[in-house]
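S.K.: Shown below is the structure under consideration.
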Number of protein chains: 2
Amino acid sequence: MGNDGDERNIRWHHSTVTREQREIQNGHKGMTIWFTGLSASGKSTIANCLEEKLFKMGCHAMVLDGDNIRHGLNKNLGFSKEDREENIRRIGELAKLLTSKAIINIAAFISPFRADRAAARALQDEGDFIEVFIKCPIEVCEERDPKGIYKKARAGIIKDFTGISHPYEEPENPDLVIDSSQNDAAKCADEIINYLRDAGILLTKDAQETKL
Amino acid sequence: MGNDGDERNIRWHHSTVTREQREIQNGHKGMTIWFTGLSASGKSTIANCLEEKLFKMGCHAMVLDGDNIRHGLNKNLGFSKEDREENIRRIGELAKLLTSKAIINIAAFISPFRADRAAARALQDEGDFIEVFIKCPIEVCEERDPKGIYKKARAGIIKDFTGISHPYEEPENPDLVIDSSQNDAAKCADEIINYLRDAGILLTKDAQETKL
């Protein structure tokens, strides 16, 4: 694709509303909480539970969900290696944008490849992005199989299925590991909120003192 | 591109935090304010001014700016007809997402084609999207030419330049026409805020009563 951006002098227009002003308004810093894990490991459920808890604390949180984003922004992408890369690239850019607007954004995607996750992280400054491994043995995921997709993958109806016929690369150095086979979604979400509190993401007294 | 979304039972995960809950928290409805107009017509300047005014009123507003988005989400797109279409498609989906999260989002892009703008509007419900024509004669834009790009377009250094060597389709039925050749950015932004107030987008007493 041709890109004559340089000739057009494309450059950042710095908004007159700064990130810091927004963070004060919102009572918390902007941040990307990047989930990674197998299908049916609990990513969406935990993400939605976390969002609701943060909302009740007065925070501005937004789940970016694999299934949702693929209905909209990324609906022209499939599941080839190239398309999966582009899927994660766009989400990484969206996450960066939301962080810069002081929104706590929770990306809940399988995101199977280390390189793609590293690329999403590399877009943002240190401390603005954490990788959370939603850890669940594939046997447990396959037993849950709420959408019956593991069954279809085993039958060969779905090809390139992560964990079955397509690789999943576990994080080597995640900021947080959440064991979703042993804990319910609420407990998992609380662990993440405690992390945010310890990391100084929650600025207001109310948000800091909320008992979990 | 292959897309086996159907086999994978991809569907919306409805967040437990509803749009209405977010709107009450924010004190205003979510909405897309879609600017269209020539390069140098004042889109970015008015959008940033509007964002700042809304922020000071306690609203949650976010400018999506052509130059900014092209550094991130859409940096793999050029200026061919196909790429321009995909550029606007992605922005339209992003705008829809932000509206659903109760954010007032201001898309400030040339968006030269009626069909692309209509497609962005069609993604959203009636009342969630307004088209604002930033009207400025091309002679005025060309005289302003803050980035010297009209000069380069006239010299043929930039090809497919909207208004010179690439068509710009004026809106036939914009929700609002802002004459940016006769008014400064603050005055233009005030006109839009008055529109939002009349349309019932601003829910809190404070936001409604702010004197402009």
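Every chain in the structure tokens takes a letter, A first, then B, and so on in the order presented; its residues are numbered from 1, and the ligands are numbered from 1 following the presented order.
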Please list as a PDB file with C-alpha atoms, in the first residue's frame every residue within 6 Å of segment 28-44 of chain A, counting only C-alpha atoms and excluding residues in the same chain fewer than 4 positions away.
M.R.:
ATOM      1  CA  GLU A  23      -6.647  11.131  34.877  1.00  0.00           C
ATOM      2  CA  THR A  99      -4.778   4.465  27.758  1.00  0.00           C
ATOM      3  CA  ALA A 102      -7.152   7.786  30.870  1.00  0.00           C
ATOM      4  CA  ILE A 103      -9.390   4.771  30.387  1.00  0.00           C
ATOM      5  CA  ILE A 104      -8.610   1.427  32.026  1.00  0.00           C
ATOM      6  CA  ASN A 105      -8.951  -0.880  29.041  1.00  0.00           C
ATOM      7  CA  ILE A 106      -9.118  -4.622  29.360  1.00  0.00           C
ATOM      8  CA  ALA A 107      -8.153  -6.536  26.235  1.00  0.00           C
ATOM      9  CA  ALA A 108      -9.565 -10.058  26.439  1.00  0.00           C
ATOM     10  CA  PHE A 109      -8.189 -11.970  23.478  1.00  0.00           C
ATOM     11  CA  ILE A 110      -6.543 -15.327  23.071  1.00  0.00           C
ATOM     12  CA  SER A 111      -3.560 -13.480  21.554  1.00  0.00           C
ATOM     13  CA  ASP A 128       0.906   1.592  31.012  1.00  0.00           C
ATOM     14  CA  PHE A 129       0.517  -2.037  29.973  1.00  0.00           C
ATOM     15  CA  ILE A 130       0.363  -5.248  31.968  1.00  0.00           C
ATOM     16  CA  GLU A 131       0.104  -8.748  30.626  1.00  0.00           C
ATOM     17  CA  VAL A 132      -2.216 -11.006  32.610  1.00  0.00           C
ATOM     18  CA  PHE A 133      -2.059 -14.721  31.934  1.00  0.00           C
ATOM     19  CA  ILE A 134      -5.480 -16.316  32.459  1.00  0.00           C
ATOM     20  CA  CYS A 136      -6.357 -22.758  32.841  1.00  0.00           C
ATOM     21  CA  CYS A 141     -11.220 -25.431  28.970  1.00  0.00           C
ATOM     22  CA  ILE A 201      -3.327   3.256  39.192  1.00  0.00           C
ATOM     23  CA  LEU A 202      -6.280   4.198  41.395  1.00  0.00           C
ATOM     24  CA  LEU A 203      -5.872   7.810  42.463  1.00  0.00           C
TER      25      LEU A 203
END
S.K.: Taking the DSSP assignment computed from this structure's backbone, write out as a PyMOL selection string all residues of segment 63-152 of chain A that belong to alpha helix (DSSP H).
M.R.: chain A and resi 66-69+81-100+114-122+138-144+149-152
S.K.: Just how far from atom CA of Phe79 of chain A is atom CA of Gly148 of chain A, in Å to one decimal?
M.R.: 18.1 Å
S.K.: Could you pull the residues within 10 Å of segment 187-198 of chain A, counting only C-alpha atoms, minus those fewer than 5 positions along the same chain, as number ranges by chain?
M.R.: A: 28-29, 31, 33, 42, 45-54, 130, 132, 134, 175-180, 182, 203, 207-209, 211-212
S.K.: What is the distance, in Å and to one decimal place, between atom CA of Ile88 of chain B and atom CA of Ile69 of chain B?
M.R.: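 Those two atoms sit 10.5 Å apart.
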S.K.: Given the choices A:Ile164, A:Ile149, A:Ala199, A:Ile24, which gets closest to chain B if the distance is worked out from only C-alpha atoms?
M.R.: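 Nearest to chain B: A:Ile149.
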S.K.: Compile the contact shell of Pro167 of chain B as a PyMOL selection string: residues with an atom at most 9 Å away, counting only C-alpha atoms, same-chain residues fewer than 4 positions apart removed.
M.R.: chain B and resi 112-113+160-163
S.K.: What does the file look like for those residues with all heavy atoms, as a short mmCIF file (atom, residue, chain, number, x, y, z; two decimals), in the first residue's frame?
M.R.:
data_model
loop_
_atom_site.label_atom_id
_atom_site.label_comp_id
_atom_site.auth_asym_id
_atom_site.auth_seq_id
_atom_site.Cartn_x
_atom_site.Cartn_y
_atom_site.Cartn_z
N PRO B 112 -14.10 12.27 2.34
CA PRO B 112 -14.60 12.97 1.15
C PRO B 112 -15.82 12.34 0.48
O PRO B 112 -16.52 13.03 -0.25
CB PRO B 112 -13.40 12.94 0.19
CG PRO B 112 -12.59 11.76 0.62
CD PRO B 112 -12.76 11.67 2.10
N PHE B 113 -16.07 11.05 0.75
CA PHE B 113 -17.12 10.37 -0.01
C PHE B 113 -18.41 10.18 0.78
O PHE B 113 -18.40 9.71 1.91
CB PHE B 113 -16.62 9.02 -0.51
CG PHE B 113 -15.43 9.13 -1.41
CD1 PHE B 113 -14.19 8.62 -1.03
CD2 PHE B 113 -15.53 9.79 -2.63
CE1 PHE B 113 -13.08 8.74 -1.85
CE2 PHE B 113 -14.43 9.91 -3.47
CZ PHE B 113 -13.19 9.40 -3.08
N ASP B 160 -3.70 12.67 -5.93
CA ASP B 160 -4.99 12.32 -5.32
C ASP B 160 -5.29 13.21 -4.11
O ASP B 160 -5.65 12.72 -3.02
CB ASP B 160 -5.01 10.84 -4.87
CG ASP B 160 -4.84 9.90 -6.05
OD1 ASP B 160 -5.21 10.28 -7.18
OD2 ASP B 160 -4.31 8.79 -5.84
N PHE B 161 -5.13 14.50 -4.28
CA PHE B 161 -5.35 15.41 -3.15
C PHE B 161 -6.78 15.94 -3.19
O PHE B 161 -7.21 16.54 -4.18
CB PHE B 161 -4.35 16.57 -3.20
CG PHE B 161 -4.37 17.42 -1.97
CD1 PHE B 161 -3.64 17.05 -0.85
CD2 PHE B 161 -5.15 18.58 -1.91
CE1 PHE B 161 -3.67 17.83 0.31
CE2 PHE B 161 -5.19 19.34 -0.76
CZ PHE B 161 -4.45 18.97 0.35
N THR B 162 -7.48 15.72 -2.08
CA THR B 162 -8.91 16.07 -2.05
C THR B 162 -9.15 17.55 -2.36
O THR B 162 -8.54 18.42 -1.76
CB THR B 162 -9.50 15.74 -0.65
OG1 THR B 162 -9.32 14.36 -0.42
CG2 THR B 162 -10.98 16.10 -0.58
N GLY B 163 -10.03 17.78 -3.31
CA GLY B 163 -10.39 19.16 -3.68
C GLY B 163 -9.59 19.68 -4.86
O GLY B 163 -9.98 20.63 -5.52
#
